[in-house]
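Reproduced below: work_27.tsv, with TSV, C-alpha atoms.
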chain	number	residue	atom	x	y	z
A	6	MET	CA	90.72	137.81	115.15
A	7	HIS	CA	91.30	135.82	111.97
A	8	ALA	CA	93.36	137.54	109.31
A	9	GLU	CA	91.20	136.27	106.45
A	10	ALA	CA	87.98	137.74	107.84
A	11	ALA	CA	89.65	141.03	108.72
A	12	LEU	CA	91.17	141.36	105.25
A	13	ALA	CA	87.84	140.55	103.61
A	14	ALA	CA	86.06	143.25	105.60
A	15	ALA	CA	88.75	145.80	104.74
A	16	GLU	CA	88.91	144.90	101.03
A	17	PRO	CA	86.92	147.91	99.69
A	18	TYR	CA	88.86	150.49	101.70
A	19	LEU	CA	92.17	152.30	101.62
A	20	THR	CA	94.86	151.21	104.03
A	21	PRO	CA	95.92	151.63	106.72
A	22	LEU	CA	92.68	151.18	108.65
A	23	ALA	CA	91.67	149.76	112.01
A	24	VAL	CA	89.31	146.77	111.96
A	25	ALA	CA	87.70	144.89	114.85
A	26	ASP	CA	86.03	141.52	115.21
A	27	ARG	CA	82.66	142.06	116.89
A	28	ALA	CA	82.42	138.51	118.21
A	29	VAL	CA	85.86	138.62	119.84
A	30	LEU	CA	85.01	141.98	121.39
A	31	GLU	CA	81.79	140.61	122.88
A	32	ALA	CA	83.64	137.58	124.26
A	33	ASN	CA	86.21	139.86	125.88
A	34	LEU	CA	83.48	142.00	127.46
A	35	ALA	CA	81.68	138.95	128.80
A	36	ARG	CA	84.88	137.38	130.14
A	37	MET	CA	85.92	140.46	132.14
A	38	ALA	CA	82.39	141.03	133.43
A	39	ALA	CA	82.31	137.44	134.68
A	40	LEU	CA	85.73	137.81	136.31
A	41	ALA	CA	84.64	140.95	138.17
A	42	ALA	CA	81.31	139.47	139.24
A	43	GLY	CA	82.95	136.24	140.39
A	44	ALA	CA	85.34	138.23	142.59
A	45	GLY	CA	82.55	140.44	143.93
A	46	LEU	CA	84.04	143.59	142.43
A	47	ARG	CA	82.29	146.43	140.62
A	48	LEU	CA	83.55	146.85	137.06
A	49	ARG	CA	84.33	150.39	135.93
A	50	PRO	CA	86.31	149.86	132.70
A	51	HIS	CA	88.76	152.43	131.44
A	52	ALA	CA	87.29	153.63	128.17
A	53	LYS	CA	90.43	155.41	126.94
A	54	THR	CA	91.21	152.18	125.08
A	55	HIS	CA	88.26	152.32	122.69
A	56	LYS	CA	86.97	155.92	122.94
A	57	SER	CA	83.74	154.61	121.43
A	58	ALA	CA	80.21	155.45	122.52
A	59	TRP	CA	78.95	152.12	121.20
A	60	VAL	CA	81.61	150.05	123.00
A	61	ALA	CA	80.93	151.96	126.22
A	62	GLN	CA	77.25	151.09	125.90
A	63	ARG	CA	78.17	147.43	125.34
A	64	GLN	CA	80.29	147.50	128.49
A	65	MET	CA	77.34	148.88	130.45
A	66	ALA	CA	75.12	146.18	128.96
A	67	HIS	CA	77.59	143.59	130.26
A	68	GLY	CA	77.18	144.94	133.79
A	69	ALA	CA	79.70	147.75	134.21
A	70	VAL	CA	78.60	150.23	136.91
A	71	GLY	CA	80.07	153.13	134.97
A	72	ILE	CA	83.16	154.00	133.01
A	73	THR	CA	86.56	155.54	133.63
A	74	ALA	CA	87.78	158.33	131.35
A	75	ALA	CA	91.29	159.71	130.95
A	76	THR	CA	90.31	163.21	129.81
A	77	LEU	CA	87.42	165.63	130.04
A	78	VAL	CA	86.88	165.30	126.29
A	79	GLU	CA	86.41	161.55	126.77
A	80	ALA	CA	84.07	162.11	129.71
A	81	GLU	CA	82.00	164.59	127.71
A	82	ALA	CA	81.69	162.16	124.81
A	83	PHE	CA	80.53	159.33	127.08
A	84	ALA	CA	78.08	161.61	128.86
A	85	ALA	CA	76.61	162.47	125.46
A	86	ALA	CA	76.29	158.71	124.85
A	87	GLY	CA	74.15	158.34	127.96
A	88	VAL	CA	76.69	157.10	130.52
A	89	GLU	CA	75.52	158.41	133.90
A	90	ASP	CA	78.40	157.36	136.16
A	91	ILE	CA	81.86	158.57	135.15
A	92	LEU	CA	85.22	158.70	136.87
A	93	VAL	CA	87.79	161.05	135.33
A	94	ALA	CA	91.08	159.42	136.32
A	95	HIS	CA	93.23	162.48	135.74
A	96	PRO	CA	93.58	165.66	137.84
A	97	PRO	CA	91.50	168.46	136.23
A	98	ALA	CA	94.00	171.23	136.90
A	99	GLY	CA	93.55	174.70	135.45
A	100	GLU	CA	90.66	177.10	135.03
A	101	ALA	CA	89.62	175.82	131.60
A	102	LYS	CA	89.33	172.21	132.80
A	103	LEU	CA	87.49	173.21	135.95
A	104	ARG	CA	84.99	175.18	133.86
A	105	ARG	CA	84.38	172.18	131.58
A	106	LEU	CA	84.13	169.91	134.63
A	107	ALA	CA	81.42	172.13	136.12
A	108	ALA	CA	79.42	171.92	132.90
A	109	LEU	CA	79.88	168.14	132.84
A	110	ALA	CA	78.70	167.86	136.45
A	111	ARG	CA	75.39	169.42	135.43
A	112	ARG	CA	74.87	166.61	132.88
A	113	VAL	CA	76.14	163.52	134.72
A	114	PRO	CA	74.27	162.26	137.81
A	115	ARG	CA	77.38	160.69	139.35
A	116	LEU	CA	80.79	162.18	138.64
A	117	ALA	CA	84.16	161.81	140.36
A	118	VAL	CA	87.75	162.76	139.66
A	119	ALA	CA	91.04	161.24	140.77
A	120	LEU	CA	93.70	163.54	142.21
A	121	ASP	CA	96.38	163.87	144.89
A	122	SER	CA	96.08	167.56	145.80
A	123	VAL	CA	93.91	169.05	148.54
A	124	GLU	CA	94.32	172.45	146.91
A	125	LEU	CA	92.90	171.18	143.62
A	126	ALA	CA	90.11	169.26	145.36
A	127	LEU	CA	88.88	172.50	146.96
A	128	GLN	CA	88.47	174.04	143.50
A	129	LEU	CA	86.13	171.30	142.24
A	130	PRO	CA	82.42	171.88	141.63
A	131	SER	CA	80.35	170.91	144.66
A	132	ALA	CA	78.66	167.99	142.86
A	133	VAL	CA	81.94	166.23	142.06
A	134	GLU	CA	83.26	163.49	144.33
A	135	VAL	CA	86.95	162.79	144.97
A	136	MET	CA	88.96	159.61	144.53
A	137	TRP	CA	92.39	160.06	146.13
A	138	GLU	CA	95.24	158.51	144.15
A	139	VAL	CA	97.77	156.29	145.91
A	140	ASP	CA	101.17	155.51	144.40
A	141	THR	CA	101.57	151.75	144.77
A	142	GLY	CA	104.67	151.41	142.62
A	143	LEU	CA	104.20	153.23	139.30
A	144	HIS	CA	105.73	156.45	140.72
A	145	ARG	CA	103.65	158.74	138.56
A	146	VAL	CA	100.77	160.39	140.44
A	147	GLY	CA	99.71	159.75	144.02
A	148	THR	CA	100.83	159.76	147.62
A	149	ALA	CA	102.77	156.91	149.22
A	150	PRO	CA	100.65	154.13	150.80
A	151	GLY	CA	99.84	154.05	154.49
A	152	ALA	CA	100.39	157.03	156.76
A	153	PRO	CA	101.37	159.58	154.03
A	154	THR	CA	98.09	158.92	152.20
A	155	ALA	CA	96.08	158.91	155.43
A	156	GLU	CA	97.52	162.25	156.53
A	157	ALA	CA	96.73	163.85	153.16
A	158	VAL	CA	93.18	162.47	153.03
A	159	VAL	CA	92.44	163.55	156.61
A	160	ASP	CA	93.40	167.08	155.55
A	161	LEU	CA	91.16	166.68	152.50
A	162	VAL	CA	88.13	165.50	154.49
A	163	ARG	CA	88.53	168.34	156.99
A	164	ALA	CA	88.74	170.96	154.26
A	165	LEU	CA	86.27	169.62	151.67
A	166	PRO	CA	82.65	170.66	152.17
A	167	GLY	CA	80.10	167.83	152.15
A	168	ASP	CA	80.56	164.06	152.14
A	169	ARG	CA	82.46	164.02	148.85
A	170	PHE	CA	85.44	161.77	149.58
A	171	ARG	CA	84.53	158.53	147.83
A	172	GLY	CA	87.67	156.46	148.34
A	173	LEU	CA	91.13	155.49	147.14
A	174	LEU	CA	92.39	154.67	143.67
A	175	THR	CA	95.60	153.30	142.21
A	176	HIS	CA	96.99	152.02	138.92
A	177	ALA	CA	99.70	149.34	138.85
A	178	GLY	CA	101.21	150.41	135.56
A	179	GLN	CA	104.44	148.78	136.68
A	180	ALA	CA	102.80	145.49	135.67
A	181	TYR	CA	103.89	146.35	132.13
A	182	GLN	CA	107.47	145.64	133.21
A	183	GLY	CA	106.52	141.96	133.38
A	184	ASP	CA	105.76	141.05	137.01
A	185	ARG	CA	101.98	140.99	136.88
A	186	ALA	CA	101.46	139.12	140.15
A	187	GLY	CA	103.87	141.35	142.06
A	188	ALA	CA	102.29	144.51	140.69
A	189	ALA	CA	98.81	143.22	141.59
A	190	ARG	CA	99.92	142.60	145.19
A	191	GLU	CA	101.42	146.08	145.41
A	192	GLU	CA	98.21	147.51	143.99
A	193	TRP	CA	95.67	146.04	146.39
A	194	SER	CA	97.91	145.86	149.46
A	195	GLY	CA	98.86	149.53	149.14
A	196	LEU	CA	95.20	150.49	149.07
A	197	ALA	CA	94.38	148.16	151.96
A	198	GLU	CA	97.16	149.62	154.09
A	199	SER	CA	96.02	153.17	153.32
A	200	ALA	CA	92.36	152.37	154.01
A	201	ALA	CA	93.24	150.78	157.36
A	202	GLU	CA	95.16	153.91	158.37
A	203	LEU	CA	92.23	156.12	157.39
A	204	ARG	CA	89.64	154.03	159.18
A	205	SER	CA	91.76	154.06	162.33
A	206	ARG	CA	91.49	157.85	162.14
A	207	GLY	CA	87.72	157.75	161.75
A	208	VAL	CA	87.53	158.38	158.00
A	209	GLU	CA	85.04	156.31	155.99
A	210	VAL	CA	86.47	154.78	152.82
A	211	ARG	CA	83.66	153.65	150.55
A	212	VAL	CA	85.61	152.56	147.46
A	213	LEU	CA	89.00	150.94	146.89
A	214	SER	CA	89.64	150.97	143.15
A	215	VAL	CA	92.40	149.17	141.24
A	216	GLY	CA	92.86	148.90	137.54
A	217	SER	CA	94.83	147.40	134.70
A	218	THR	CA	94.32	144.56	132.28
A	219	PRO	CA	97.60	142.82	133.26
A	220	THR	CA	96.52	142.67	136.94
A	221	ALA	CA	92.85	141.86	136.31
A	222	ALA	CA	93.41	138.11	136.60
A	223	PHE	CA	94.26	138.65	140.27
A	224	ALA	CA	90.83	140.13	141.06
A	225	PRO	CA	89.95	137.44	143.65
A	226	GLU	CA	93.10	138.25	145.64
A	227	ALA	CA	92.37	141.97	145.36
A	228	ALA	CA	88.81	141.44	146.60
A	229	ALA	CA	90.07	139.38	149.53
A	230	GLY	CA	92.34	142.31	150.40
A	231	GLY	CA	89.42	144.74	150.53
A	232	THR	CA	89.31	146.06	146.97
A	233	THR	CA	85.78	146.93	145.81
A	234	GLU	CA	86.26	148.09	142.19
A	235	MET	CA	88.39	147.29	139.14
A	236	ARG	CA	89.17	149.44	136.10
A	237	PRO	CA	90.79	147.39	133.29
A	238	GLY	CA	90.79	148.97	129.84
A	239	THR	CA	92.90	147.23	127.20
A	240	TYR	CA	91.00	143.94	127.54
A	241	VAL	CA	88.25	145.08	125.16
A	242	TYR	CA	90.56	144.82	122.15
A	243	GLY	CA	93.74	143.21	123.46
A	244	ASP	CA	97.11	143.96	121.90
A	245	ALA	CA	100.58	142.55	121.36
A	246	ASN	CA	101.70	143.80	124.77
A	247	GLN	CA	99.01	141.75	126.50
A	248	VAL	CA	99.99	138.69	124.49
A	249	ALA	CA	103.64	139.11	125.48
A	250	LEU	CA	102.69	139.59	129.14
A	251	GLY	CA	100.39	136.54	129.11
A	252	SER	CA	97.33	138.51	130.20
A	253	GLN	CA	95.50	137.82	126.91
A	254	SER	CA	95.97	135.35	124.08
A	255	LEU	CA	96.45	136.24	120.44
A	256	GLU	CA	92.98	134.76	119.76
A	257	GLU	CA	91.52	137.28	122.22
A	258	CYS	CA	92.86	140.26	120.25
A	259	ALA	CA	89.84	141.89	118.63
A	260	LEU	CA	91.46	144.82	116.81
A	261	GLY	CA	94.10	144.95	114.12
A	262	VAL	CA	95.42	147.44	111.61
A	263	VAL	CA	95.19	146.35	107.98
A	264	ALA	CA	98.21	147.46	105.97
A	265	THR	CA	99.46	147.05	102.41
A	266	VAL	CA	102.94	146.01	101.32
A	267	VAL	CA	104.29	148.98	99.35
A	268	SER	CA	107.91	147.88	98.86
A	269	THR	CA	110.04	144.71	98.92
A	270	PRO	CA	113.58	146.15	98.84
A	271	GLY	CA	115.27	142.93	99.96
A	272	PRO	CA	114.60	139.23	100.54
A	273	ASP	CA	114.23	139.76	104.30
A	274	ARG	CA	112.63	143.22	104.28
A	275	ARG	CA	109.10	144.39	103.50
A	276	VAL	CA	107.65	147.87	103.94
A	277	LEU	CA	104.02	148.48	104.91
A	278	ASP	CA	101.96	151.64	104.61
A	279	ALA	CA	101.05	151.64	108.32
A	280	GLY	CA	103.64	153.66	110.20
A	281	SER	CA	103.60	155.59	113.47
A	282	LYS	CA	100.43	157.40	112.35
A	283	ALA	CA	98.53	154.10	112.32
A	284	LEU	CA	100.38	151.84	114.79
A	285	SER	CA	101.48	152.66	118.31
A	286	ALA	CA	105.16	153.45	118.83
A	287	ASP	CA	105.05	154.45	122.50
A	288	LEU	CA	105.05	151.30	124.63
A	289	ARG	CA	106.51	147.84	124.26
A	290	VAL	CA	106.74	145.39	127.12
A	291	PRO	CA	109.62	143.01	127.87
A	292	GLY	CA	109.36	139.97	125.62
A	293	LEU	CA	107.67	141.77	122.73
A	294	ASN	CA	109.86	141.78	119.64
A	295	GLY	CA	108.84	144.69	117.45
A	296	PHE	CA	105.92	147.09	117.26
A	297	GLY	CA	103.20	144.51	116.75
A	298	ILE	CA	102.30	141.01	115.63
A	299	VAL	CA	101.66	140.27	111.94
A	300	LEU	CA	98.80	137.77	111.92
A	301	GLY	CA	99.62	134.56	110.12
A	302	HIS	CA	103.30	135.48	109.84
A	303	PRO	CA	105.07	134.62	113.10
A	304	GLU	CA	108.41	134.82	111.28
A	305	LEU	CA	107.99	138.58	110.71
A	306	VAL	CA	109.03	141.41	113.04
A	307	VAL	CA	107.68	144.96	112.80
A	308	GLU	CA	111.15	146.33	113.39
A	309	ARG	CA	110.81	150.06	112.76
A	310	LEU	CA	108.11	152.69	112.35
A	311	ASN	CA	108.30	155.96	110.47
A	312	GLU	CA	105.29	158.20	109.97
A	313	GLU	CA	103.89	156.39	106.93
A	314	HIS	CA	106.08	153.29	106.82
A	315	ALA	CA	106.54	150.13	108.86
A	316	VAL	CA	109.73	148.22	108.13
A	317	VAL	CA	109.08	144.51	108.58
A	318	THR	CA	111.94	142.02	108.64
A	319	GLY	CA	112.05	138.27	108.20
A	320	PRO	CA	111.43	135.84	105.33
A	321	ALA	CA	107.91	135.89	103.90
A	322	ASP	CA	106.25	135.37	100.57
A	323	LEU	CA	104.75	138.86	100.42
A	324	ARG	CA	104.62	140.99	97.29
A	325	VAL	CA	103.82	144.62	96.62
A	326	GLY	CA	100.05	145.04	96.90
A	327	ASP	CA	99.53	142.21	99.39
A	328	ARG	CA	97.72	143.07	102.60
A	329	VAL	CA	98.40	141.95	106.16
A	330	VAL	CA	96.85	142.51	109.59
A	331	VAL	CA	99.03	143.87	112.38
A	332	ILE	CA	98.01	143.57	116.04
A	333	PRO	CA	99.47	146.80	117.47
A	334	ALA	CA	101.84	146.78	120.42
A	335	HIS	CA	99.67	149.22	122.39
A	336	VAL	CA	96.07	149.35	121.23
A	337	CYS	CA	95.00	152.38	123.28
A	338	THR	CA	97.26	154.77	121.44
A	339	ALA	CA	96.74	152.98	118.13
A	340	VAL	CA	92.97	153.52	118.32
A	341	ASN	CA	93.55	157.20	119.05
A	342	LEU	CA	95.27	157.49	115.65
A	343	HIS	CA	92.14	156.42	113.73
A	344	PRO	CA	88.93	158.42	113.24
A	345	ALA	CA	86.84	155.24	113.13
A	346	VAL	CA	87.08	151.47	113.50
A	347	LEU	CA	85.55	149.09	110.98
A	348	PHE	CA	83.65	146.42	112.92
A	349	TYR	CA	82.81	143.19	111.15
A	350	GLY	CA	80.97	139.95	111.96
A	351	ASP	CA	77.86	137.97	111.03
A	352	GLY	CA	78.41	138.85	107.39
A	353	GLU	CA	78.16	142.60	108.04
A	354	ALA	CA	80.62	145.43	108.47
A	355	GLY	CA	80.12	148.96	109.69
A	356	TRP	CA	82.10	151.95	110.88
A	357	ASP	CA	82.17	153.00	114.53
A	358	PRO	CA	83.51	156.54	115.07
A	359	VAL	CA	86.20	157.03	117.70
A	360	VAL	CA	84.20	159.87	119.21
A	361	ALA	CA	86.33	160.58	122.29
A	362	ARG	CA	89.64	161.30	120.58
A	363	GLY	CA	91.32	164.65	120.16
A	364	TRP	CA	90.15	168.12	121.12
A	365	GLN	CA	86.66	169.55	121.11
A	366	PRO	CA	85.62	173.20	121.72
A	367	ALA	CA	83.52	174.03	124.74
So that I can check it, write out the structure of this file as structure tokens.
Amino acid sequence: MHAEAALAAAEPYLTPLAVADRAVLEANLARMAALAAGAGLRLRPHAKTHKSAWVAQRQMAHGAVGITAATLVEAEAFAAAGVEDILVAHPPAGEAKLRRLAALARRVPRLAVALDSVELALQLPSAVEVMWEVDTGLHRVGTAPGAPTAEAVVDLVRALPGDRFRGLLTHAGQAYQGDRAGAAREEWSGLAESAAELRSRGVEVRVLSVGSTPTAAFAPEAAAGGTTEMRPGTYVYGDANQVALGSQSLEECALGVVATVVSTPGPDRRVLDAGSKALSADLRVPGLNGFGIVLGHPELVVERLNEEHAVVTGPADLRVGDRVVVIPAHVCTAVNLHPAVLFYGDGEAGWDPVVARGWQPA
């Protein structure tokens, strides 16, 4: 993304607003599709990053076998956009979610959920397949690799009617602590160990699914270890976290938030109108200084976010009324703060609604 083009596209509009470079997005989609194909892995991108029907369709056009959703609202939005193969990577616990899941299963030809509970799996609609989650180091959801996972899945297969166990899934979110290669090894080796235990007990494992943008570069190693599917998400837009981790370059960041300088209270302090309601404040990786990267101003640090204000420190020739582009620290949550993204390129600009955000009634 080039700041000049982004600022030109945003010129008629109020700030803060999210803008995206269509050409950079397309390059990112093509690059990840080629990486997956070269490793012999199926690509099932995590669409929680963009929450866009149009971007999901572009991912499918680039060869994705389906998409991954974080919530039922996301899955419903992508089903409405014509996606026919969806994995909901979050346990659908509770009567309300199970009811919505049953309705979704009637619309989507191929639907699966990720979980780590036999009890919950037995409550799923009969058309929904199960991906069992393995904890390979994030320590969030999932059973421990190897025998603990095998014992749980054997219980699942015995209790679950039909051939609905699809395979094993994990997410190496610990890669965001900085050791991408180590997290990738933990990711695929934990699944491989668990699959070997299951197969020794006579259980077929059709899919081994890993997923994160920081570990995506290690797809060939994952494939050699038996992985069959990858689920990166952030790569579509990139963000300051990925730049700090080295998993994407600044030039590969497709989305930024355009903000206006509203105050210059000191020679080394500027205040922007894009605060925590426009930029992400939830996740910063080691090595990232501040809550984003101000394009064209490497000397500036987005030091603090309030709801409507970003306090930026460092020397810069910026005056009240000037506009800048900030690459957010964490693009997934930043996108969720905006009702639409302004895409630009080829001399045209147009709004793309973020259709899969928030709550929707049944």
Would you tabulate, counting only C-alpha atoms, all residues of region 123-238 of chain A that have an atom at most 9 Å from an atom of region 251-273 of chain A, showing the closest pair of atoms and their distance in Å to one decimal, sorted by chain then ascending number, as JSON lines?
{"residue": "A:Arg185", "atom": "CA", "partner": "A:Ser252", "partner_atom": "CA", "distance": 8.5}
{"residue": "A:Thr218", "atom": "CA", "partner": "A:Ser252", "partner_atom": "CA", "distance": 7.1}
{"residue": "A:Pro219", "atom": "CA", "partner": "A:Ser252", "partner_atom": "CA", "distance": 5.3}
{"residue": "A:Thr220", "atom": "CA", "partner": "A:Ser252", "partner_atom": "CA", "distance": 8.0}
{"residue": "A:Ala221", "atom": "CA", "partner": "A:Ser252", "partner_atom": "CA", "distance": 8.3}
{"residue": "A:Ala222", "atom": "CA", "partner": "A:Ser252", "partner_atom": "CA", "distance": 7.5}
Quiz prompt | Residues within 7 Å of region 147-153 of chain A, only C-alpha atoms, excluding chain neighbours under 2 positions, as a list in words | solution = Asp121, Glu138, Val139, Asp140, Thr141, Arg145, Ala155, Glu156, Ala157, Gly195, Leu196, Glu198, Ser199 and Glu202 of chain A
Self-check item: Straight-line distance linking CA of Leu40 (chain A) with CA of Phe348 (chain A), stated in Å to one decimal
Solution: 25.0 Å
Quiz prompt | Polymer residues at most 8 Å from Thr239 (chain A), only C-alpha atoms, same-chain spacing of 5 or more positions, as a list in words | solution = His51, Thr54, Ser217, Thr218, Asp244, Val336 and Cys337 of chain A
Quiz item: Which is closer to Leu34 (chain A) than all the others in A:Leu127, A:Ala339, A:Met65, A:Ala110, using only C-alpha atoms?
Solution: A:Met65
Self-check item: Contacts of Leu277 (chain A) at 12 Å (all atoms listed in the file; same-chain gap of 5+ positions) as a PyMOL selection string
Solution: chain A and resi 20-21+262-270+283-284+299+306-318+323-331
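Candidate residues A:Ala321, A:Leu288, A:Val241, A:Ala84 were compared for distance to Val276 (chain A), and the nearest is A:Ala321, using all atoms listed in the file.
Near Ala38 (chain A), within 7 Å and counting only C-alpha atoms, sit A:Leu34, A:Ala35, A:Arg36, A:Leu40, A:Ala41, A:Ala42, A:Leu48, A:His67, A:Gly68; same-chain residues fewer than 2 positions away were not included.
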For the residues selected in the previous step, produce a file with C-alpha atoms as a PDB file, keeping the file's coordinate frame.
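Just written: result.pdb:
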ATOM      1  CA  LEU A  34      83.480 142.000 127.460  1.00  0.00           C
ATOM      2  CA  ALA A  35      81.680 138.950 128.800  1.00  0.00           C
ATOM      3  CA  ARG A  36      84.880 137.380 130.140  1.00  0.00           C
ATOM      4  CA  LEU A  40      85.730 137.810 136.310  1.00  0.00           C
ATOM      5  CA  ALA A  41      84.640 140.950 138.170  1.00  0.00           C
ATOM      6  CA  ALA A  42      81.310 139.470 139.240  1.00  0.00           C
ATOM      7  CA  LEU A  48      83.550 146.850 137.060  1.00  0.00           C
ATOM      8  CA  HIS A  67      77.590 143.590 130.260  1.00  0.00           C
ATOM      9  CA  GLY A  68      77.180 144.940 133.790  1.00  0.00           C
TER      10      GLY A  68
END
Exercise. Determine the nearest neighbour of Gly363 (chain A) from the options A:Asn341, A:Leu92, A:Trp193, A:Ile72, counting all atoms listed in the file.
Key: A:Asn341
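Across the model, the gap from CA of Ala126 (chain A) to CA of Ala107 (chain A) is 13.0 Å.
Between CA of Val70 (chain A) and CA of Asp90 (chain A) the interatomic distance comes to 7.2 Å.
If all atoms listed in the file are the atoms counted, then among A:Thr232, A:Asn246, A:Gln365, A:Ser214 the closest residue to Val78 (chain A) is A:Gln365.
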Self-check item: Who sits within 7 Å of Arg115 (chain A), all atoms listed in the file, same chain under 2 positions skipped, as a PyMOL selection string
Solution: chain A and resi 89-91+113+117
Keeping only C-alpha atoms, take the residues you just selected and write them out as a compact mmCIF listing (two decimals), in the coordinates of the input.
# COMPACT_ATOMS: atom_id res chain seq x y z
CA GLU A 89 75.52 158.41 133.90
CA ASP A 90 78.40 157.36 136.16
CA ILE A 91 81.86 158.57 135.15
CA VAL A 113 76.14 163.52 134.72
CA ALA A 117 84.16 161.81 140.36
Quiz prompt | Ref. answer, residues at most 12 Å from (82.9, 151.6, 125.2) with all atoms listed in the file, as a ChimeraX atom specification | solution = /A:30-31,34,49-67,69,71-74,79-80,82-84,86-88,238-242,357-361
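Minimum atom-to-atom distances from A:Gly99, A:Gly295, A:Gly230, A:Pro333 to Ala245 (chain A) were compared using only C-alpha atoms, and the lowest value belongs to A:Pro333.
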Self-check item: Selection as a ChimeraX atom specification: residues within 6 Å of (88.6, 160.5, 137.3), counting all atoms listed in the file
Solution: /A:92-95,117-119
Keeping only C-alpha atoms, take the residues you just selected and write them out as a PDB file, keeping the file's coordinate frame.
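Output saved as result_19.pdb:
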ATOM      1  CA  LEU A  92      85.220 158.700 136.870  1.00  0.00           C
ATOM      2  CA  VAL A  93      87.790 161.050 135.330  1.00  0.00           C
ATOM      3  CA  ALA A  94      91.080 159.420 136.320  1.00  0.00           C
ATOM      4  CA  HIS A  95      93.230 162.480 135.740  1.00  0.00           C
ATOM      5  CA  ALA A 117      84.160 161.810 140.360  1.00  0.00           C
ATOM      6  CA  VAL A 118      87.750 162.760 139.660  1.00  0.00           C
ATOM      7  CA  ALA A 119      91.040 161.240 140.770  1.00  0.00           C
TER       8      ALA A 119
END
Given 3 Å of margin on each side, can you work out the centre and size in Å (one decimal) of an axis-aligned box holding every listed atom of region 327-345 of chain A, as AutoDock Vina command-line options?
--center_x 94.3 --center_y 150.2 --center_z 111.3 --size_x 21.0 --size_y 22.5 --size_z 29.9
